[in-house]
Every structure is written in C-alpha cells, then in structure tokens.
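Dumped query.cif below, it's mmCIF, C-alpha atoms:
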data_work
loop_
_atom_site.label_atom_id
_atom_site.label_comp_id
_atom_site.auth_asym_id
_atom_site.auth_seq_id
_atom_site.Cartn_x
_atom_site.Cartn_y
_atom_site.Cartn_z
CA MET A 1 44.74 54.49 8.44
CA PRO A 2 47.17 53.84 5.56
CA TRP A 3 48.20 50.27 4.86
CA ARG A 4 51.62 49.35 6.11
CA ILE A 5 54.30 48.44 3.63
CA ARG A 6 54.55 44.75 2.88
CA PHE A 7 57.95 43.13 3.19
CA CYS A 8 58.84 41.10 0.16
CA GLY A 9 61.76 40.10 -2.00
CA LYS A 10 63.36 37.13 -3.65
CA ASN A 11 64.09 33.93 -1.74
CA LEU A 12 62.10 34.76 1.39
CA TYR A 13 59.97 32.57 3.66
CA HIS A 14 56.53 33.89 4.64
CA HIS A 15 53.82 32.99 7.11
CA ILE A 16 50.50 34.00 5.50
CA TYR A 17 47.18 33.94 7.32
CA VAL A 18 43.76 35.27 6.42
CA TRP A 19 40.20 35.13 7.79
CA GLY A 20 36.83 35.03 6.13
CA ASN A 21 34.84 38.23 5.72
CA ASP A 22 33.29 39.15 9.10
CA ARG A 23 34.66 35.80 10.33
CA HIS A 24 32.24 33.95 8.04
CA PRO A 25 33.27 30.50 6.76
CA VAL A 26 35.54 30.32 3.73
CA PHE A 27 34.90 26.58 3.38
CA LYS A 28 31.47 24.97 3.66
CA MET A 29 31.92 21.52 2.11
CA ASP A 30 34.70 19.11 1.21
CA GLY A 31 34.65 20.24 -2.41
CA ASN A 32 35.59 23.76 -1.32
CA TYR A 33 38.73 22.52 0.40
CA ARG A 34 39.65 20.38 -2.60
CA TYR A 35 39.22 23.26 -5.05
CA TYR A 36 41.35 25.58 -2.90
CA LEU A 37 44.12 22.95 -2.84
CA LYS A 38 43.90 22.60 -6.63
CA LEU A 39 44.35 26.36 -6.99
CA LEU A 40 47.16 26.30 -4.44
CA ALA A 41 48.99 23.67 -6.48
CA ASP A 42 48.38 25.45 -9.80
CA PHE A 43 49.38 28.96 -8.73
CA SER A 44 52.35 27.86 -6.62
CA GLU A 45 53.79 26.28 -9.75
CA LYS A 46 52.91 29.25 -11.95
CA PHE A 47 54.59 31.79 -9.65
CA SER A 48 57.50 29.62 -8.41
CA ILE A 49 56.20 29.51 -4.85
CA ASP A 50 57.14 26.56 -2.64
CA ILE A 51 54.36 25.53 -0.25
CA ILE A 52 56.10 24.38 2.93
CA ALA A 53 52.97 23.78 5.02
CA TYR A 54 49.30 24.73 5.15
CA ALA A 55 46.16 24.46 7.26
CA LEU A 56 42.72 25.09 5.81
CA MET A 57 40.24 25.79 8.60
CA GLU A 58 36.57 26.59 8.20
CA TRP A 59 37.02 30.28 9.00
CA HIS A 60 40.69 30.92 8.25
CA ILE A 61 43.78 29.78 6.34
CA HIS A 62 47.47 29.45 7.21
CA LEU A 63 50.18 29.13 4.55
CA PHE A 64 53.92 28.71 5.08
CA ILE A 65 55.61 29.51 1.77
CA PHE A 66 58.97 30.17 0.14
CA ASP A 67 58.81 32.97 -2.45
CA ARG A 68 61.64 32.51 -4.96
CA LEU A 69 60.97 35.38 -7.36
CA ASN A 70 59.17 38.03 -5.28
CA LYS A 71 55.78 36.96 -6.65
CA ILE A 72 53.87 36.76 -3.37
CA SER A 73 51.42 39.54 -4.27
CA LEU A 74 50.55 38.08 -7.67
CA PHE A 75 50.33 34.62 -6.15
CA MET A 76 47.86 35.69 -3.46
CA GLN A 77 45.81 37.89 -5.81
CA ASN A 78 45.34 35.01 -8.22
CA LEU A 79 44.83 32.33 -5.57
CA HIS A 80 42.21 34.16 -3.53
CA GLY A 81 40.68 36.00 -6.47
CA GLU A 82 39.95 32.73 -8.29
CA TYR A 83 38.79 31.01 -5.12
CA ALA A 84 36.42 33.87 -4.24
CA LYS A 85 34.78 33.70 -7.68
CA TYR A 86 34.38 29.94 -7.35
CA PHE A 87 33.06 30.08 -3.78
CA ASN A 88 30.49 32.78 -4.53
CA ASN A 89 29.34 30.86 -7.59
CA VAL A 90 28.82 27.50 -5.86
CA THR A 91 27.25 28.99 -2.72
CA GLY A 92 25.08 31.56 -4.53
CA ARG A 93 26.45 34.48 -2.57
CA VAL A 94 27.97 37.86 -3.47
CA GLY A 95 30.59 40.07 -1.89
CA HIS A 96 33.99 39.52 -0.38
CA VAL A 97 34.96 36.05 0.72
CA PHE A 98 38.09 37.18 2.56
CA GLY A 99 37.52 40.06 4.89
CA GLU A 100 40.93 41.71 4.95
CA ARG A 101 44.27 41.95 3.22
CA TYR A 102 46.15 38.78 3.80
CA ASN A 103 48.64 39.02 6.64
CA ASN A 104 52.22 37.99 6.03
CA LYS A 105 55.35 37.86 8.13
CA ILE A 106 58.83 37.15 6.82
CA ILE A 107 60.39 34.39 8.88
CA GLN A 108 63.50 32.25 9.19
CA PRO A 109 63.09 28.55 8.35
CA ASN A 110 65.14 27.28 11.28
CA LEU A 111 63.81 27.56 14.83
CA TYR A 112 60.89 29.83 14.00
CA GLY A 113 60.04 27.75 10.95
CA LEU A 114 59.99 24.52 12.97
CA TRP A 115 57.54 25.93 15.47
CA LEU A 116 55.50 27.60 12.76
CA SER A 117 55.00 24.26 10.99
CA ARG A 118 53.95 22.72 14.32
CA TYR A 119 51.58 25.60 15.02
CA ILE A 120 49.99 25.25 11.57
CA HIS A 121 49.63 21.48 11.81
CA ARG A 122 48.10 21.69 15.28
CA GLN A 123 45.36 24.11 14.23
CA PRO A 124 42.61 21.43 14.10
CA VAL A 125 43.75 20.05 17.46
CA GLU A 126 43.69 23.46 19.12
CA ALA A 127 40.26 24.08 17.59
CA GLY A 128 38.94 20.89 19.21
CA LEU A 129 38.15 19.19 15.90
CA VAL A 130 40.46 16.17 16.37
CA LEU A 131 42.73 14.72 19.02
CA ASP A 132 45.45 13.74 16.55
CA PRO A 133 46.34 16.11 13.67
CA LYS A 134 46.62 13.15 11.27
CA ASP A 135 42.83 12.74 11.51
CA TYR A 136 42.16 16.16 9.97
CA PRO A 137 42.42 15.95 6.16
CA TRP A 138 42.98 19.62 5.30
CA THR A 139 46.52 20.27 6.50
CA SER A 140 49.89 19.16 5.14
CA TYR A 141 50.68 17.16 8.30
CA ARG A 142 49.90 13.77 6.75
CA GLN A 143 52.49 14.51 4.06
CA TYR A 144 55.08 15.24 6.72
CA ILE A 145 54.63 11.90 8.51
CA GLY A 146 54.36 9.81 5.34
CA LEU A 147 50.64 8.99 5.37
CA GLN A 148 49.79 10.92 2.20
CA LYS A 149 51.59 12.10 -0.90
CA ILE A 150 50.86 15.73 -1.76
CA GLU A 151 52.98 16.53 -4.78
CA PHE A 152 53.16 20.30 -4.42
CA ILE A 153 54.21 20.32 -0.74
CA LYS A 154 57.93 20.97 -0.17
CA PRO A 155 58.61 19.99 3.46
CA GLN A 156 62.34 19.30 3.12
CA VAL A 157 63.54 22.55 4.71
CA ILE A 158 61.73 21.52 7.91
CA LEU A 159 62.08 17.73 7.85
CA HIS A 160 65.81 17.82 7.12
CA GLN A 161 66.29 19.38 10.55
CA PHE A 162 64.95 16.21 12.22
CA GLY A 163 67.34 13.50 11.14
CA THR A 164 69.49 11.89 8.47
CA ASN A 165 66.89 9.74 6.66
CA ASN A 166 63.19 9.97 5.85
CA ARG A 167 62.06 7.42 8.39
CA GLN A 168 63.92 9.15 11.20
CA ARG A 169 62.76 12.59 10.12
CA ARG A 170 59.10 11.57 10.05
CA LYS A 171 59.34 9.86 13.44
CA TYR A 172 61.01 12.79 15.16
CA TYR A 173 58.77 15.36 13.49
CA LYS A 174 55.66 13.45 14.59
CA GLU A 175 56.99 13.39 18.16
CA PHE A 176 57.71 17.11 17.95
CA VAL A 177 54.14 17.91 16.88
CA LEU A 178 52.41 15.53 19.30
CA GLU A 179 54.44 16.27 22.42
CA ASP A 180 52.90 18.49 25.04
CA LYS A 181 55.35 21.34 24.56
CA GLU A 182 55.08 25.00 25.44
CA ASP A 183 55.37 27.07 22.27
CA ILE A 184 58.41 29.34 22.26
CA ILE A 185 56.53 31.60 19.85
CA ASP A 186 54.16 34.24 21.16
CA TRP A 187 51.56 33.96 18.38
CA ASP A 188 49.27 36.62 19.85
CA LYS A 189 51.70 39.52 19.47
CA SER A 190 51.36 41.89 16.53
CA GLN A 191 55.10 41.50 16.09
CA VAL A 192 55.75 37.80 16.57
CA LEU A 193 59.07 37.23 18.29
CA VAL A 194 60.73 34.03 19.37
CA VAL A 195 60.27 33.70 23.12
CA GLY A 196 62.76 31.87 25.29
CA ASP A 197 63.52 31.41 28.96
CA MET A 198 67.01 32.14 30.24
CA ASN A 199 68.24 28.59 29.70
CA PHE A 200 67.13 28.81 26.06
CA VAL A 201 68.72 32.21 25.61
CA ARG A 202 72.05 31.02 27.01
CA LYS A 203 72.13 28.21 24.44
CA ILE A 204 72.03 30.67 21.55
CA LYS A 205 74.99 32.96 21.97
CA LYS A 206 73.97 35.22 19.09
CA THR A 207 70.52 35.90 20.50
CA PHE A 208 69.55 39.50 21.23
CA ASN A 209 67.64 39.79 24.52
CA ILE A 210 64.66 42.09 24.19
CA LYS A 211 62.56 42.73 27.28
CA GLY A 212 62.40 39.07 28.22
CA LYS A 213 62.05 37.93 24.63
CA ALA A 214 64.62 36.88 22.09
CA ILE A 215 65.18 37.17 18.37
CA ILE A 216 67.41 34.49 16.95
CA ASN A 217 69.63 36.47 14.59
CA LYS A 218 70.36 39.92 13.30
CA GLU A 219 68.34 39.38 10.09
CA GLU A 220 65.17 38.75 12.08
CA LEU A 221 65.92 41.71 14.34
CA LEU A 222 66.40 43.98 11.32
CA LEU A 223 63.11 42.78 9.80
CA THR A 224 61.32 43.47 13.08
CA ILE A 225 62.73 47.00 13.27
CA CYS A 226 61.73 47.74 9.67
CA ASN A 227 58.25 46.37 10.29
CA ASP A 228 57.89 48.66 13.32
CA LEU A 229 58.97 51.67 11.27
CA GLY A 230 56.92 50.70 8.20
CA VAL A 231 59.90 50.83 5.85
CA THR A 232 61.84 48.39 3.70
CA VAL A 233 65.12 46.81 4.74
CA ASP A 234 66.85 48.48 1.77
CA CYS A 235 65.69 51.88 3.07
CA ILE A 236 67.52 51.26 6.36
CA LEU A 237 70.62 49.65 4.93
CA ASN A 238 71.01 51.88 1.85
CA PRO A 239 69.24 55.20 2.44
CA LYS A 240 69.06 57.30 -0.73
CA ASP A 241 67.81 60.66 0.55
CA LYS A 242 67.27 62.74 3.68
CA ILE A 243 63.96 61.07 4.54
CA GLU A 244 65.44 57.58 4.33
CA ARG A 245 68.50 58.64 6.33
CA GLU A 246 66.19 59.88 9.07
CA GLN A 247 64.48 56.48 9.07
CA ARG A 248 67.86 54.84 9.60
CA HIS A 249 68.53 57.26 12.46
CA LYS A 250 65.24 56.17 14.02
CA ALA A 251 66.29 52.54 13.64
CA ILE A 252 69.61 53.27 15.36
CA ARG A 253 67.89 55.03 18.26
CA MET A 254 65.36 52.21 18.57
CA LEU A 255 68.08 49.55 18.65
CA ALA A 256 69.90 51.47 21.36
CA LYS A 257 66.99 52.53 23.58
CA GLU A 258 64.37 49.81 23.15
CA TYR A 259 66.63 46.84 22.46
CA ASN A 260 69.56 47.90 24.66
CA LEU A 261 72.18 47.05 22.04
CA LYS A 262 75.73 48.31 22.17
CA ILE A 263 77.17 50.65 19.55
CA CYS A 264 79.30 47.88 18.04
CA GLU A 265 76.25 45.58 17.80
CA ILE A 266 74.17 48.26 16.04
CA ALA A 267 77.02 48.96 13.64
CA ASN A 268 77.27 45.25 12.82
CA ILE A 269 73.54 44.89 12.16
CA LEU A 270 73.34 47.93 9.88
CA GLY A 271 76.71 47.48 8.21
CA ILE A 272 77.99 50.94 9.18
CA THR A 273 80.84 52.28 11.28
CA ARG A 274 80.72 52.73 15.04
CA PHE A 275 81.37 56.44 14.53
CA ALA A 276 78.22 56.73 12.40
CA VAL A 277 76.20 55.13 15.21
CA MET A 278 77.79 57.33 17.87
CA LYS A 279 77.04 60.46 15.83
CA VAL A 280 73.30 59.62 15.78
CA LEU A 281 73.16 58.75 19.48
CA ARG A 282 74.86 61.92 20.72
#
Would you mind writing the file out in structure tokens?
Amino acid sequence: MPWRIRFCGKNLYHHIYVWGNDRHPVFKMDGNYRYYLKLLADFSEKFSIDIIAYALMEWHIHLFIFDRLNKISLFMQNLHGEYAKYFNNVTGRVGHVFGERYNNKIIQPNLYGLWLSRYIHRQPVEAGLVLDPKDYPWTSYRQYIGLQKIEFIKPQVILHQFGTNNRQRRKYYKEFVLEDKEDIIDWDKSQVLVVGDMNFVRKIKKTFNIKGKAIINKEELLLTICNDLGVTVDCILNPKDKIEREQRHKAIRMLAKEYNLKICEIANILGITRFAVMKVLR
C-alpha cells in the first residue's frame, strides 16, 4: 500500500506520535530519556521547531510541535536517526528502533490543542505508572505547572488560554489536567475529530455537525477532507490540472453527502462560487 501524503507547511501545529519497532521499548534507562531530550532541544533549535509539549513513554513518544519553516521531515529524520544510532550503540543491538513512519496530524492550538496537551501529560497516569502526572519525570507537565524549568519548551500558546498571569494559568491548567473529565477528543479514530454533545455543539455556532461529531472550524474540516482524499490543501483550493480538479469535485461531493453541508457552506470553505458547487452536485 502506498504511503499517504503528509500534510505540512509553514506555521503549522502537529501532533506526532511513534512506537518502538514491534512495540519494543525505545527507552530502557534514565540516560536514554535524557539523551532524547538533549536531541529534542538541539534539533528543535536547529530547525526552528517549537516544542509545545511531550511525553516520553517506554514504548512510544508523543510530541506536540509548532513547525515554523516546514522543516518537520528534516527535524524528525535527524531527531530519530541520531537517537536510533545512540540507542543501538549503548544497548548493543542492531536494526530499527522505531517500527514505523512517525504519525502526524495537523491540529489547531485552541480547543483541540488544550485537550491534546492534557492527553499527552496524562499518558503516565493512564498507563498506571503514577497517580499524579507531576511524579513522572519524562513529560513537559512539570514545566507547565512551574515545578521545573525546561528551556526549550514553549507552552505559552496553551497556558495563555488559562488566565491573565502565570500563577493563575498554572493553577487552572493543573486543575484542567487533574480533573476527572471526559475527553472531547476521540483519540482512537484514524481521523481524530473533536467530539461534543449537543450542549457543546450549541455553544460553538461555527461548528459543523458530522454524524454526531463536530469539527471546530472550516480549516480543520478542510484538513480532514484532504487527509481522507490523500491530497494537499493547495490541490483542493487551487487545482492546476484535470486530475486536481477532479479531486476538488470529490471534496465537494464528500462535503455535501457525508457532511451534509449546504451549497453556500461548501462554497465558503473552498473559496469558490455557489454556481461552481451546484455544477458539480448536479
């Protein structure tokens, strides 16, 4: 099966996650975690990547990043390439350390980003390793609540949504992570969508209802459609040939039939006229 196109570009937020080869450990001792964090700091600076949050678990890794210059591929190649060489050397093994291409999803830093940071920071709790995420040393959570200074972590885009000063932000963020809340993100879906009950949906007037689920804005909806079709956003918005125009036609039909959007809503999302939408749907 051919690999699906990765979505990338300048000034985009990504959720990256990867497992060890055959679900084998990628960290075996404290020094492994420390060396990975050193590489994370070095390569995030080299490639102008902001690290918003992370969780290093024995068998897998979660990264929440902001890619300023469309360097995500080079960043990940260098980060995991260097770590794999180090890990094989210190453990006396050979072969792949990471068992698959890294997975990445483009996300929005607002509602989805808040819950993503919570999800990442609660990884050791959900795994049964600790009762309080502050007691696990290999996530960025301690930075968020002011217990540790990690220079390369850039949590402002999340913390600034929790108050007007640092003390307030840390307090409210800690409550957010520790509270017994139901996630509004369905993390098990291949296409992760923001999930909301009807009260939640009514609060967000610009939400598109999709089979009981909700996507917060038209940018996220467009990214989801492109991911389903395996094409870039530019292909849908600015088709250059017959093949790309047909992909846009597929997107229009999908928005109408699967997402139950009106002609005017589809036209608004794709930046085209209502007549152009009507012509495809005839």
### Task
Please write the residues picked by the PyMOL selection byres ((chain A and resi 67) around 7) on this file as a list of chain:residue names.
A:Lys10, A:Asn11, A:Leu12, A:Tyr13, A:Ser48, A:Ile49, A:Asp50, A:Ile65, A:Phe66, A:Arg68, A:Leu69, A:Asn70, A:Lys71, A:Ile72
Excluding stretch 150-165 of chain A and any residue of its chain fewer than 5 positions from it, enumerate the residues within 10 Å of it, using only C-alpha atoms, and give them as a PDB file with C-alpha atoms, in the coordinates of the input.
ATOM      1  CA  LEU A  37      44.120  22.950  -2.840  1.00  0.00           C
ATOM      2  CA  LYS A  38      43.900  22.600  -6.630  1.00  0.00           C
ATOM      3  CA  LEU A  40      47.160  26.300  -4.440  1.00  0.00           C
ATOM      4  CA  ALA A  41      48.990  23.670  -6.480  1.00  0.00           C
ATOM      5  CA  ASP A  42      48.380  25.450  -9.800  1.00  0.00           C
ATOM      6  CA  SER A  44      52.350  27.860  -6.620  1.00  0.00           C
ATOM      7  CA  GLU A  45      53.790  26.280  -9.750  1.00  0.00           C
ATOM      8  CA  ILE A  49      56.200  29.510  -4.850  1.00  0.00           C
ATOM      9  CA  ASP A  50      57.140  26.560  -2.640  1.00  0.00           C
ATOM     10  CA  ILE A  51      54.360  25.530  -0.250  1.00  0.00           C
ATOM     11  CA  ILE A  52      56.100  24.380   2.930  1.00  0.00           C
ATOM     12  CA  ALA A  53      52.970  23.780   5.020  1.00  0.00           C
ATOM     13  CA  TYR A  54      49.300  24.730   5.150  1.00  0.00           C
ATOM     14  CA  ILE A  65      55.610  29.510   1.770  1.00  0.00           C
ATOM     15  CA  PHE A  66      58.970  30.170   0.140  1.00  0.00           C
ATOM     16  CA  PRO A 109      63.090  28.550   8.350  1.00  0.00           C
ATOM     17  CA  ASN A 110      65.140  27.280  11.280  1.00  0.00           C
ATOM     18  CA  LEU A 111      63.810  27.560  14.830  1.00  0.00           C
ATOM     19  CA  GLY A 113      60.040  27.750  10.950  1.00  0.00           C
ATOM     20  CA  LEU A 114      59.990  24.520  12.970  1.00  0.00           C
ATOM     21  CA  TRP A 115      57.540  25.930  15.470  1.00  0.00           C
ATOM     22  CA  LEU A 116      55.500  27.600  12.760  1.00  0.00           C
ATOM     23  CA  SER A 117      55.000  24.260  10.990  1.00  0.00           C
ATOM     24  CA  SER A 140      49.890  19.160   5.140  1.00  0.00           C
ATOM     25  CA  TYR A 141      50.680  17.160   8.300  1.00  0.00           C
ATOM     26  CA  ARG A 142      49.900  13.770   6.750  1.00  0.00           C
ATOM     27  CA  GLN A 143      52.490  14.510   4.060  1.00  0.00           C
ATOM     28  CA  TYR A 144      55.080  15.240   6.720  1.00  0.00           C
ATOM     29  CA  ILE A 145      54.630  11.900   8.510  1.00  0.00           C
ATOM     30  CA  ARG A 170      59.100  11.570  10.050  1.00  0.00           C
ATOM     31  CA  LYS A 171      59.340   9.860  13.440  1.00  0.00           C
ATOM     32  CA  TYR A 172      61.010  12.790  15.160  1.00  0.00           C
ATOM     33  CA  TYR A 173      58.770  15.360  13.490  1.00  0.00           C
ATOM     34  CA  LYS A 174      55.660  13.450  14.590  1.00  0.00           C
ATOM     35  CA  PHE A 176      57.710  17.110  17.950  1.00  0.00           C
TER      36      PHE A 176
END
### Task
Would you please work out which residue, of A:Leu131, A:Leu39, A:Ala55, A:Leu237, is nearest to A:Gln77 when using all atoms listed in the file?
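The answer is A:Leu39, which sits nearest to A:Gln77.
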### atom CA of A:Trp19 to atom CA of A:Glu58, straight-line distance in Å
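Computing the Euclidean distance for atom CA of A:Glu58 and atom CA of A:Trp19 yields 9.3 Å.
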### Message
One number please: atom CA of A:Gln123 to atom CA of A:Leu56, in Å, one decimal.
### Response
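Rounded to one decimal, the two atoms are 8.9 Å apart.
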### Task
Report the distance between atom CA of A:Val177 and atom CA of A:Arg122 in Å, rounded to one decimal place.
7.3 Å
12 Å contact set for stretch 249-251 of chain A, all atoms listed in the file, chain neighbours under 5 positions out, as a PDB file with C-alpha atoms, in the coordinates of the input:
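And here is the file that came out, out.pdb:
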ATOM      1  CA  LEU A 221      65.920  41.710  14.340  1.00  0.00           C
ATOM      2  CA  LEU A 222      66.400  43.980  11.320  1.00  0.00           C
ATOM      3  CA  LEU A 223      63.110  42.780   9.800  1.00  0.00           C
ATOM      4  CA  THR A 224      61.320  43.470  13.080  1.00  0.00           C
ATOM      5  CA  ILE A 225      62.730  47.000  13.270  1.00  0.00           C
ATOM      6  CA  CYS A 226      61.730  47.740   9.670  1.00  0.00           C
ATOM      7  CA  ASN A 227      58.250  46.370  10.290  1.00  0.00           C
ATOM      8  CA  ASP A 228      57.890  48.660  13.320  1.00  0.00           C
ATOM      9  CA  LEU A 229      58.970  51.670  11.270  1.00  0.00           C
ATOM     10  CA  GLY A 230      56.920  50.700   8.200  1.00  0.00           C
ATOM     11  CA  VAL A 231      59.900  50.830   5.850  1.00  0.00           C
ATOM     12  CA  THR A 232      61.840  48.390   3.700  1.00  0.00           C
ATOM     13  CA  VAL A 233      65.120  46.810   4.740  1.00  0.00           C
ATOM     14  CA  CYS A 235      65.690  51.880   3.070  1.00  0.00           C
ATOM     15  CA  ILE A 236      67.520  51.260   6.360  1.00  0.00           C
ATOM     16  CA  LEU A 237      70.620  49.650   4.930  1.00  0.00           C
ATOM     17  CA  PRO A 239      69.240  55.200   2.440  1.00  0.00           C
ATOM     18  CA  LYS A 242      67.270  62.740   3.680  1.00  0.00           C
ATOM     19  CA  ILE A 243      63.960  61.070   4.540  1.00  0.00           C
ATOM     20  CA  GLU A 244      65.440  57.580   4.330  1.00  0.00           C
ATOM     21  CA  ALA A 256      69.900  51.470  21.360  1.00  0.00           C
ATOM     22  CA  LYS A 257      66.990  52.530  23.580  1.00  0.00           C
ATOM     23  CA  GLU A 258      64.370  49.810  23.150  1.00  0.00           C
ATOM     24  CA  TYR A 259      66.630  46.840  22.460  1.00  0.00           C
ATOM     25  CA  LEU A 261      72.180  47.050  22.040  1.00  0.00           C
ATOM     26  CA  ILE A 266      74.170  48.260  16.040  1.00  0.00           C
ATOM     27  CA  ALA A 267      77.020  48.960  13.640  1.00  0.00           C
ATOM     28  CA  ILE A 269      73.540  44.890  12.160  1.00  0.00           C
ATOM     29  CA  LEU A 270      73.340  47.930   9.880  1.00  0.00           C
ATOM     30  CA  ILE A 272      77.990  50.940   9.180  1.00  0.00           C
ATOM     31  CA  ALA A 276      78.220  56.730  12.400  1.00  0.00           C
ATOM     32  CA  VAL A 277      76.200  55.130  15.210  1.00  0.00           C
ATOM     33  CA  MET A 278      77.790  57.330  17.870  1.00  0.00           C
ATOM     34  CA  LYS A 279      77.040  60.460  15.830  1.00  0.00           C
ATOM     35  CA  VAL A 280      73.300  59.620  15.780  1.00  0.00           C
ATOM     36  CA  LEU A 281      73.160  58.750  19.480  1.00  0.00           C
ATOM     37  CA  ARG A 282      74.860  61.920  20.720  1.00  0.00           C
TER      38      ARG A 282
END
### Query
So which one's closest to A:Gly81, A:Ile252, A:Phe43, A:Ile107, A:Asp30? Using all atoms listed in the file, please.
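Once distances to A:Gly81 are computed over all atoms listed in the file, the minimum belongs to A:Phe43.
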Around all of stretch 41-54 of chain A's listed atoms, make the axis-aligned box with 3 Å on each side and tell me centre and edge lengths in Å to one decimal, as lines of an AutoDock Vina configuration file.
center_x = 52.9
center_y = 27.7
center_z = -3.4
size_x = 15.1
size_y = 14.1
size_z = 23.1
Going by the chain IDs and residue numbers used in this file, which residues fall under the PyMOL selection byres ((chain A and resi 90-99) around 7)? Write them as a JSON list (two decimals) with C-alpha atoms, keeping the file's coordinate frame.
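Result written to expr-v1.json:
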[["chain", "number", "residue", "atom", "x", "y", "z"],
["A", 19, "TRP", "CA", 40.20, 35.13, 7.79],
["A", 20, "GLY", "CA", 36.83, 35.03, 6.13],
["A", 21, "ASN", "CA", 34.84, 38.23, 5.72],
["A", 22, "ASP", "CA", 33.29, 39.15, 9.10],
["A", 26, "VAL", "CA", 35.54, 30.32, 3.73],
["A", 84, "ALA", "CA", 36.42, 33.87, -4.24],
["A", 86, "TYR", "CA", 34.38, 29.94, -7.35],
["A", 87, "PHE", "CA", 33.06, 30.08, -3.78],
["A", 88, "ASN", "CA", 30.49, 32.78, -4.53],
["A", 89, "ASN", "CA", 29.34, 30.86, -7.59],
["A", 100, "GLU", "CA", 40.93, 41.71, 4.95]]
### Query
Which of these, A:Arg34, A:Arg245, A:His121, A:Lys262, has the shortest distance to A:Tyr83 once you count only C-alpha atoms?
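When distances to A:Tyr83 are compared using only C-alpha atoms, the smallest one comes from A:Arg34.
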#### Entry: Distance criterion (all atoms listed in the file): nearest to A:Phe64 out of A:Lys240, A:Arg253, A:His15, A:Arg167
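The closest residue to A:Phe64 is A:His15.
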